[in-house]
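*Asks:* What follows is the file upload_12.cif, containing mmCIF, C-alpha atoms:
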data_data
loop_
_atom_site.label_atom_id
_atom_site.label_comp_id
_atom_site.auth_asym_id
_atom_site.auth_seq_id
_atom_site.Cartn_x
_atom_site.Cartn_y
_atom_site.Cartn_z
CA MET A 1 9.33 -47.91 -103.75
CA THR A 2 12.86 -48.38 -102.43
CA GLU A 3 13.62 -48.63 -98.70
CA SER A 4 15.28 -45.17 -98.65
CA ASN A 5 12.29 -43.59 -100.41
CA ALA A 6 9.92 -45.28 -97.96
CA ARG A 7 11.87 -43.92 -94.98
CA LEU A 8 11.82 -40.43 -96.54
CA SER A 9 8.04 -40.59 -97.09
CA ILE A 10 7.45 -41.69 -93.49
CA ARG A 11 9.69 -38.91 -92.17
CA ARG A 12 7.83 -36.28 -94.23
CA ALA A 13 4.42 -37.57 -93.14
CA THR A 14 5.30 -37.67 -89.44
CA PHE A 15 7.40 -34.51 -89.30
CA ARG A 16 6.23 -31.97 -86.75
CA PRO A 17 8.03 -28.61 -86.80
CA GLY A 18 9.16 -27.20 -83.49
CA ARG A 19 8.83 -23.53 -84.42
CA PHE A 20 5.76 -21.36 -83.89
CA PRO A 21 3.65 -20.90 -85.85
CA HIS A 22 3.91 -24.40 -87.30
CA ALA A 23 2.31 -23.45 -90.62
CA SER A 24 3.75 -21.09 -93.19
CA ALA A 25 2.34 -17.61 -93.72
CA GLY A 26 0.89 -18.71 -97.05
CA MET A 27 -0.99 -21.61 -95.42
CA LEU A 28 -2.38 -19.36 -92.67
CA ILE A 29 -3.54 -16.79 -95.22
CA TRP A 30 -5.12 -19.50 -97.39
CA LEU A 31 -7.03 -21.02 -94.44
CA THR A 32 -8.19 -17.54 -93.42
CA ILE A 33 -9.49 -16.88 -96.96
CA VAL A 34 -11.34 -20.22 -96.96
CA TRP A 35 -12.97 -19.30 -93.61
CA VAL A 36 -14.10 -15.92 -94.92
CA LEU A 37 -15.47 -17.50 -98.11
CA LEU A 38 -17.40 -20.07 -96.10
CA TRP A 39 -19.06 -17.28 -94.10
CA GLY A 40 -19.61 -15.24 -97.26
CA ASP A 41 -19.01 -11.93 -95.49
CA VAL A 42 -15.72 -10.03 -95.63
CA THR A 43 -15.51 -8.31 -92.25
CA THR A 44 -12.70 -7.54 -89.83
CA GLY A 45 -14.21 -9.94 -87.31
CA ASN A 46 -14.37 -12.81 -89.82
CA ILE A 47 -10.80 -12.20 -90.98
CA VAL A 48 -9.42 -12.10 -87.42
CA ALA A 49 -11.48 -15.13 -86.36
CA GLY A 50 -10.36 -17.07 -89.45
CA PHE A 51 -6.71 -16.26 -88.85
CA LEU A 52 -6.88 -17.22 -85.15
CA LEU A 53 -8.71 -20.44 -85.99
CA ALA A 54 -6.12 -21.29 -88.66
CA LEU A 55 -3.34 -20.61 -86.15
CA LEU A 56 -5.02 -22.80 -83.53
CA LEU A 57 -5.72 -25.72 -85.88
CA THR A 58 -2.22 -25.77 -87.39
CA THR A 59 -0.74 -25.66 -83.87
CA ILE A 60 -2.87 -28.47 -82.44
CA THR A 61 -2.75 -30.67 -85.53
CA PRO A 62 0.24 -29.61 -87.66
CA LEU A 63 -0.02 -30.62 -91.29
CA PRO A 64 2.66 -32.95 -92.67
CA THR A 65 5.14 -31.37 -95.03
CA ALA A 66 4.46 -31.79 -98.72
CA THR A 67 6.69 -31.16 -101.67
CA PHE A 68 5.44 -29.10 -104.58
CA ASP A 69 7.33 -29.42 -107.82
CA GLY A 70 5.36 -26.96 -109.89
CA ARG A 71 5.73 -23.79 -111.93
CA PHE A 72 4.13 -20.38 -111.70
CA ARG A 73 2.65 -19.06 -114.98
CA PRO A 74 1.28 -15.51 -114.54
CA ILE A 75 -0.88 -15.50 -117.68
CA ALA A 76 -2.49 -18.82 -116.78
CA LEU A 77 -3.03 -17.68 -113.18
CA ALA A 78 -4.70 -14.45 -114.34
CA ARG A 79 -6.99 -16.51 -116.59
CA LEU A 80 -7.79 -18.90 -113.71
CA VAL A 81 -8.77 -16.03 -111.40
CA PHE A 82 -10.77 -14.16 -114.06
CA VAL A 83 -12.74 -17.22 -115.21
CA PHE A 84 -13.38 -18.31 -111.63
CA LEU A 85 -14.77 -14.90 -110.62
CA PHE A 86 -16.86 -14.75 -113.81
CA ASP A 87 -18.26 -18.25 -113.12
CA VAL A 88 -19.15 -17.29 -109.54
CA LEU A 89 -20.96 -14.13 -110.70
CA LYS A 90 -22.75 -15.90 -113.54
CA ALA A 91 -23.86 -18.85 -111.37
CA SER A 92 -25.04 -16.50 -108.60
CA VAL A 93 -27.24 -14.57 -111.02
CA GLN A 94 -28.63 -17.77 -112.56
CA ILE A 95 -29.52 -19.36 -109.22
CA ALA A 96 -31.02 -16.11 -107.91
CA SER A 97 -33.18 -15.93 -111.04
CA TYR A 98 -34.18 -19.55 -110.51
CA ALA A 99 -35.25 -18.82 -106.93
CA LEU A 100 -37.24 -15.73 -107.90
CA ARG A 101 -39.12 -17.66 -110.56
CA LYS A 102 -39.74 -20.49 -108.05
CA LYS A 103 -38.67 -23.12 -110.54
CA HIS A 104 -37.92 -26.65 -109.40
CA PRO A 105 -34.33 -27.61 -110.22
CA ARG A 106 -33.47 -30.94 -111.81
CA GLY A 107 -30.32 -31.90 -109.93
CA ALA A 108 -27.88 -34.68 -110.72
CA VAL A 109 -24.70 -36.22 -109.36
CA ILE A 110 -21.91 -36.58 -111.90
CA ARG A 111 -18.65 -38.48 -111.67
CA VAL A 112 -15.53 -36.82 -113.04
CA GLN A 113 -12.24 -38.64 -113.47
CA THR A 114 -9.58 -35.95 -113.14
CA ARG A 115 -6.35 -36.20 -115.09
CA ALA A 116 -3.70 -34.94 -112.68
CA HIS A 117 -2.06 -37.45 -110.35
CA SER A 118 -1.66 -35.15 -107.36
CA ASP A 119 -3.69 -34.62 -104.18
CA VAL A 120 -2.82 -30.92 -104.34
CA PHE A 121 -4.50 -30.41 -107.72
CA LEU A 122 -7.39 -32.73 -106.86
CA THR A 123 -8.09 -30.72 -103.69
CA THR A 124 -7.77 -27.38 -105.51
CA THR A 125 -10.12 -28.52 -108.28
CA ALA A 126 -12.65 -29.72 -105.72
CA GLY A 127 -12.38 -26.51 -103.70
CA LEU A 128 -12.84 -24.11 -106.62
CA THR A 129 -15.67 -26.22 -108.03
CA SER A 130 -17.53 -26.11 -104.70
CA LEU A 131 -17.08 -22.34 -104.42
CA VAL A 132 -19.05 -21.81 -107.66
CA PRO A 133 -22.76 -21.69 -106.68
CA GLY A 134 -24.69 -24.68 -107.97
CA SER A 135 -21.92 -27.26 -107.58
CA VAL A 136 -21.16 -29.22 -104.41
CA ILE A 137 -18.53 -31.94 -103.99
CA VAL A 138 -20.28 -35.03 -102.64
CA ASP A 139 -17.23 -37.27 -102.45
CA ALA A 140 -13.63 -37.43 -103.62
CA HIS A 141 -11.41 -40.47 -104.06
CA SER A 142 -7.76 -39.54 -103.77
CA ALA A 143 -6.41 -42.89 -104.99
CA SER A 144 -8.33 -42.78 -108.27
CA GLY A 145 -8.56 -39.00 -108.63
CA THR A 146 -12.35 -39.18 -108.91
CA LEU A 147 -14.78 -36.43 -107.92
CA TYR A 148 -18.50 -36.88 -107.35
CA ILE A 149 -20.29 -33.57 -107.81
CA HIS A 150 -23.90 -32.59 -107.19
CA VAL A 151 -25.15 -30.16 -109.83
CA PHE A 152 -27.99 -27.86 -108.77
CA ASP A 153 -29.79 -28.03 -112.11
CA ILE A 154 -28.49 -30.03 -115.00
CA ASP A 155 -30.33 -27.95 -117.61
CA LEU A 156 -28.88 -24.75 -116.14
CA ALA A 157 -25.42 -26.32 -116.45
CA GLY A 158 -26.02 -27.06 -120.13
CA GLY A 159 -26.48 -30.80 -119.74
CA LEU A 160 -24.46 -33.66 -118.28
CA GLU A 161 -21.66 -33.37 -120.80
CA ALA A 162 -21.28 -29.61 -120.30
CA ALA A 163 -21.24 -29.98 -116.49
CA HIS A 164 -18.61 -32.70 -116.78
CA GLU A 165 -16.49 -30.66 -119.17
CA ALA A 166 -16.67 -27.57 -116.95
CA VAL A 167 -14.93 -29.44 -114.12
CA LEU A 168 -12.23 -30.77 -116.46
CA LYS A 169 -11.61 -27.26 -117.81
CA GLN A 170 -11.36 -25.98 -114.24
CA GLU A 171 -8.72 -28.61 -113.55
CA GLU A 172 -6.82 -27.72 -116.72
CA ARG A 173 -6.77 -24.02 -115.81
CA ILE A 174 -5.31 -24.94 -112.42
CA LEU A 175 -2.69 -27.20 -114.00
CA ARG A 176 -1.76 -24.57 -116.59
CA ALA A 177 -1.23 -22.06 -113.78
CA PHE A 178 0.80 -24.20 -111.37
CA ALA A 179 1.79 -27.64 -112.70
CA SER A 180 5.31 -28.51 -113.78
CA GLN A 181 6.06 -29.65 -117.31
CA ASP A 182 6.26 -33.29 -116.17
CA GLN A 183 2.91 -32.99 -114.37
CA LEU A 184 1.26 -31.50 -117.47
CA ILE A 185 2.66 -34.27 -119.65
CA ASP A 186 1.54 -36.88 -117.12
CA ALA A 187 -1.98 -35.42 -117.33
CA GLY A 188 -1.87 -35.57 -121.13
CA PHE A 189 -1.33 -31.88 -121.87
CA VAL A 190 1.25 -30.10 -123.98
CA PRO A 191 3.37 -28.09 -121.49
CA GLY A 192 2.66 -24.36 -121.39
CA TRP A 193 -0.11 -21.94 -120.51
CA ARG A 194 -2.31 -22.36 -123.62
CA MET A 195 -5.60 -24.16 -123.03
CA GLY A 196 -6.78 -27.19 -124.99
CA GLU A 197 -3.41 -28.39 -126.27
CA ARG A 198 -3.47 -32.16 -125.72
CA LEU A 199 -0.76 -34.68 -126.38
CA PRO A 200 -1.56 -37.14 -129.17
CA VAL A 201 -2.78 -40.63 -128.34
CA PRO A 202 -1.37 -42.88 -126.88
CA TYR A 203 0.42 -40.27 -124.74
CA ALA A 204 -2.73 -38.48 -123.61
CA PRO A 205 -4.86 -40.36 -121.03
CA ALA A 206 -8.62 -40.54 -121.37
CA ALA A 207 -10.46 -37.28 -120.74
CA GLY A 208 -12.49 -38.84 -117.92
CA ASP A 209 -15.61 -40.83 -117.33
CA GLN A 210 -19.08 -39.38 -117.12
CA SER A 211 -22.10 -40.78 -115.40
#
Once more with this new file: its structure as C-alpha cells, please.
*Replies:*
Amino acid sequence: MTESNARLSIRRATFRPGRFPHASAGMLIWLTIVWVLLWGDVTTGNIVAGFLLALLLTTITPLPTATFDGRFRPIALARLVFVFLFDVLKASVQIASYALRKKHPRGAVIRVQTRAHSDVFLTTTAGLTSLVPGSVIVDAHSASGTLYIHVFDIDLAGGLEAAHEAVLKQEERILRAFASQDQLIDAGFVPGWRMGERLPVPYAPAAGDQS
C-alpha cells in the first residue's frame, strides 16, 4: 500500500461527520429492520424503538465511511429476496414439526470459506444465514472470509455437504445482486445475474473448505 493510499484509508476510518443524523437514511432504515427482525414482531412500538435506537447508536458511535463499488441487478435481487423468504418459511415449518414430534436434533458446526473478498458481503451472508431458522453464526473471521455456522440438525439440512453448499449459494445470490464485475471475477464467477456460472480453473478460486 502506498503512503497516499494509507493516509486515505486512515482518513476514511477516522472520519466523523458533523451533520445530524450522522448515518444515512438507508443505514437507519436497515438498522431498524434488523431490530424488528430480532424481536420477531412487526409493531409500531418496535419500529419506533428500533429507529430511535439506530439514531442513538449512530450518533454516539458513528460508523466509519466505507466505499461500495457494486452494481444493482434487479432480477438477481428479486431472486435473492424470494429464495430468502422461501427458506425462512420452509425452515420455520421444519423446525416447528421437529418440536411437535419431540425429536432430538443432531447439530453440527460447519466451516465455510466464502469466496468474496469484502467485509460487506461477508457480513451480509452471515446476517441472512442467521435469519434463516436452524442456522446460527458462531464465529466469523474477516481476514480469511471464514464463517463458522451451527446447524440445528444436520439431517434436516440434507447433510454436511448440503448445509455447506446452501451458505455458498446464499453468498452467490448476494454477489449476483450487488457485486461489481471485478468483484464477481475476483470471487471466481462469470459476471452477470445468472447463477452457477463459474470461471474456468485457474481463474476460479476453490469453492471453500468443509469441516
*Asks:* Any idea what the distance is between CA of Gly145 (chain A) and CA of Arg115 (chain A)?
*Replies:* 7.4 Å
*Asks:* Using the chain letters and numbers from the file, which residues does the PyMOL selection byres ((chain A and resi 187) around 9) grab, as a PyMOL selection string?
*Replies:* chain A and resi 114-117+175+182-186+188-189+204-205
*Asks:* Once the PyMOL selection byres ((chain A and resi 88) around 10) has been evaluated on this model, what residues remain selected, and can you format them as number ranges by chain?
*Replies:* A: 83-87, 89-94, 128-129, 131-134
*Asks:* How would you write, as a ChimeraX atom specification, the residues chosen by the PyMOL selection byres ((chain A and resi 161-163) around 12) on this structure?
*Replies:* /A:107-112,129,134-135,148-160,164-170,207-211
*Asks:* Expressed in Å to a single decimal, how great is the separation between CA of Trp35 (chain A) and CA of Pro105 (chain A)?
*Replies:* 28.3 Å
*Asks:* Between CA of Ala54 (chain A) and CA of Ile137 (chain A), what distance in Å does the model show, to one decimal?
*Replies:*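 Going from CA of Ala54 (chain A) over to CA of Ile137 (chain A) covers 22.4 Å.
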*Asks:* Kindly add N, CA and C atoms to the incomplete region 39-62 of chain A and provide the output as a PDB file, in the frame of the given file.
*Replies:*
ATOM      1  N   TRP A  39     -18.091 -18.161 -94.737  1.00  0.00           N
ATOM      2  CA  TRP A  39     -19.060 -17.280 -94.100  1.00  0.00           C
ATOM      3  C   TRP A  39     -19.727 -16.369 -95.123  1.00  0.00           C
ATOM      4  N   GLY A  40     -19.032 -16.078 -96.220  1.00  0.00           N
ATOM      5  CA  GLY A  40     -19.610 -15.240 -97.260  1.00  0.00           C
ATOM      6  C   GLY A  40     -19.716 -13.776 -96.917  1.00  0.00           C
ATOM      7  N   ASP A  41     -18.933 -13.330 -95.916  1.00  0.00           N
ATOM      8  CA  ASP A  41     -19.010 -11.930 -95.490  1.00  0.00           C
ATOM      9  C   ASP A  41     -17.610 -11.455 -95.105  1.00  0.00           C
ATOM     10  N   VAL A  42     -17.071 -10.517 -95.879  1.00  0.00           N
ATOM     11  CA  VAL A  42     -15.720 -10.030 -95.630  1.00  0.00           C
ATOM     12  C   VAL A  42     -15.780  -8.911 -94.594  1.00  0.00           C
ATOM     13  N   THR A  43     -15.534  -9.280 -93.333  1.00  0.00           N
ATOM     14  CA  THR A  43     -15.510  -8.310 -92.250  1.00  0.00           C
ATOM     15  C   THR A  43     -14.230  -8.482 -91.452  1.00  0.00           C
ATOM     16  N   THR A  44     -13.900  -7.455 -90.678  1.00  0.00           N
ATOM     17  CA  THR A  44     -12.700  -7.540 -89.830  1.00  0.00           C
ATOM     18  C   THR A  44     -12.814  -8.688 -88.841  1.00  0.00           C
ATOM     19  N   GLY A  45     -13.995  -8.864 -88.270  1.00  0.00           N
ATOM     20  CA  GLY A  45     -14.210  -9.940 -87.310  1.00  0.00           C
ATOM     21  C   GLY A  45     -14.002 -11.316 -87.929  1.00  0.00           C
ATOM     22  N   ASN A  46     -14.528 -11.520 -89.145  1.00  0.00           N
ATOM     23  CA  ASN A  46     -14.370 -12.810 -89.820  1.00  0.00           C
ATOM     24  C   ASN A  46     -12.913 -13.077 -90.179  1.00  0.00           C
ATOM     25  N   ILE A  47     -12.207 -12.035 -90.612  1.00  0.00           N
ATOM     26  CA  ILE A  47     -10.800 -12.200 -90.980  1.00  0.00           C
ATOM     27  C   ILE A  47      -9.968 -12.551 -89.745  1.00  0.00           C
ATOM     28  N   VAL A  48     -10.174 -11.825 -88.646  1.00  0.00           N
ATOM     29  CA  VAL A  48      -9.420 -12.100 -87.420  1.00  0.00           C
ATOM     30  C   VAL A  48      -9.766 -13.478 -86.870  1.00  0.00           C
ATOM     31  N   ALA A  49     -11.056 -13.818 -86.860  1.00  0.00           N
ATOM     32  CA  ALA A  49     -11.480 -15.130 -86.360  1.00  0.00           C
ATOM     33  C   ALA A  49     -10.903 -16.251 -87.216  1.00  0.00           C
ATOM     34  N   GLY A  50     -10.908 -16.051 -88.541  1.00  0.00           N
ATOM     35  CA  GLY A  50     -10.360 -17.070 -89.450  1.00  0.00           C
ATOM     36  C   GLY A  50      -8.872 -17.265 -89.240  1.00  0.00           C
ATOM     37  N   PHE A  51      -8.155 -16.162 -89.055  1.00  0.00           N
ATOM     38  CA  PHE A  51      -6.710 -16.260 -88.850  1.00  0.00           C
ATOM     39  C   PHE A  51      -6.391 -16.963 -87.524  1.00  0.00           C
ATOM     40  N   LEU A  52      -7.111 -16.592 -86.456  1.00  0.00           N
ATOM     41  CA  LEU A  52      -6.880 -17.220 -85.150  1.00  0.00           C
ATOM     42  C   LEU A  52      -7.232 -18.704 -85.175  1.00  0.00           C
ATOM     43  N   LEU A  53      -8.318 -19.031 -85.874  1.00  0.00           N
ATOM     44  CA  LEU A  53      -8.710 -20.440 -85.990  1.00  0.00           C
ATOM     45  C   LEU A  53      -7.665 -21.228 -86.777  1.00  0.00           C
ATOM     46  N   ALA A  54      -7.162 -20.637 -87.870  1.00  0.00           N
ATOM     47  CA  ALA A  54      -6.120 -21.290 -88.660  1.00  0.00           C
ATOM     48  C   ALA A  54      -4.864 -21.507 -87.826  1.00  0.00           C
ATOM     49  N   LEU A  55      -4.517 -20.520 -87.022  1.00  0.00           N
ATOM     50  CA  LEU A  55      -3.340 -20.610 -86.150  1.00  0.00           C
ATOM     51  C   LEU A  55      -3.530 -21.706 -85.111  1.00  0.00           C
ATOM     52  N   LEU A  56      -4.734 -21.788 -84.546  1.00  0.00           N
ATOM     53  CA  LEU A  56      -5.020 -22.800 -83.530  1.00  0.00           C
ATOM     54  C   LEU A  56      -4.984 -24.211 -84.123  1.00  0.00           C
ATOM     55  N   LEU A  57      -5.646 -24.385 -85.268  1.00  0.00           N
ATOM     56  CA  LEU A  57      -5.720 -25.720 -85.880  1.00  0.00           C
ATOM     57  C   LEU A  57      -4.347 -26.220 -86.318  1.00  0.00           C
ATOM     58  N   THR A  58      -3.546 -25.336 -86.920  1.00  0.00           N
ATOM     59  CA  THR A  58      -2.220 -25.770 -87.390  1.00  0.00           C
ATOM     60  C   THR A  58      -1.244 -25.969 -86.237  1.00  0.00           C
ATOM     61  N   THR A  59      -1.576 -25.431 -85.054  1.00  0.00           N
ATOM     62  CA  THR A  59      -0.740 -25.660 -83.870  1.00  0.00           C
ATOM     63  C   THR A  59      -1.100 -26.979 -83.195  1.00  0.00           C
ATOM     64  N   ILE A  60      -2.421 -27.231 -83.085  1.00  0.00           N
ATOM     65  CA  ILE A  60      -2.870 -28.470 -82.440  1.00  0.00           C
ATOM     66  C   ILE A  60      -2.608 -29.679 -83.314  1.00  0.00           C
ATOM     67  N   THR A  61      -2.933 -29.554 -84.592  1.00  0.00           N
ATOM     68  CA  THR A  61      -2.750 -30.670 -85.530  1.00  0.00           C
ATOM     69  C   THR A  61      -1.919 -30.178 -86.713  1.00  0.00           C
ATOM     70  N   PRO A  62      -0.606 -30.086 -86.569  1.00  0.00           N
ATOM     71  CA  PRO A  62       0.240 -29.610 -87.660  1.00  0.00           C
ATOM     72  C   PRO A  62       0.114 -30.496 -88.895  1.00  0.00           C
TER      73      PRO A  62
END
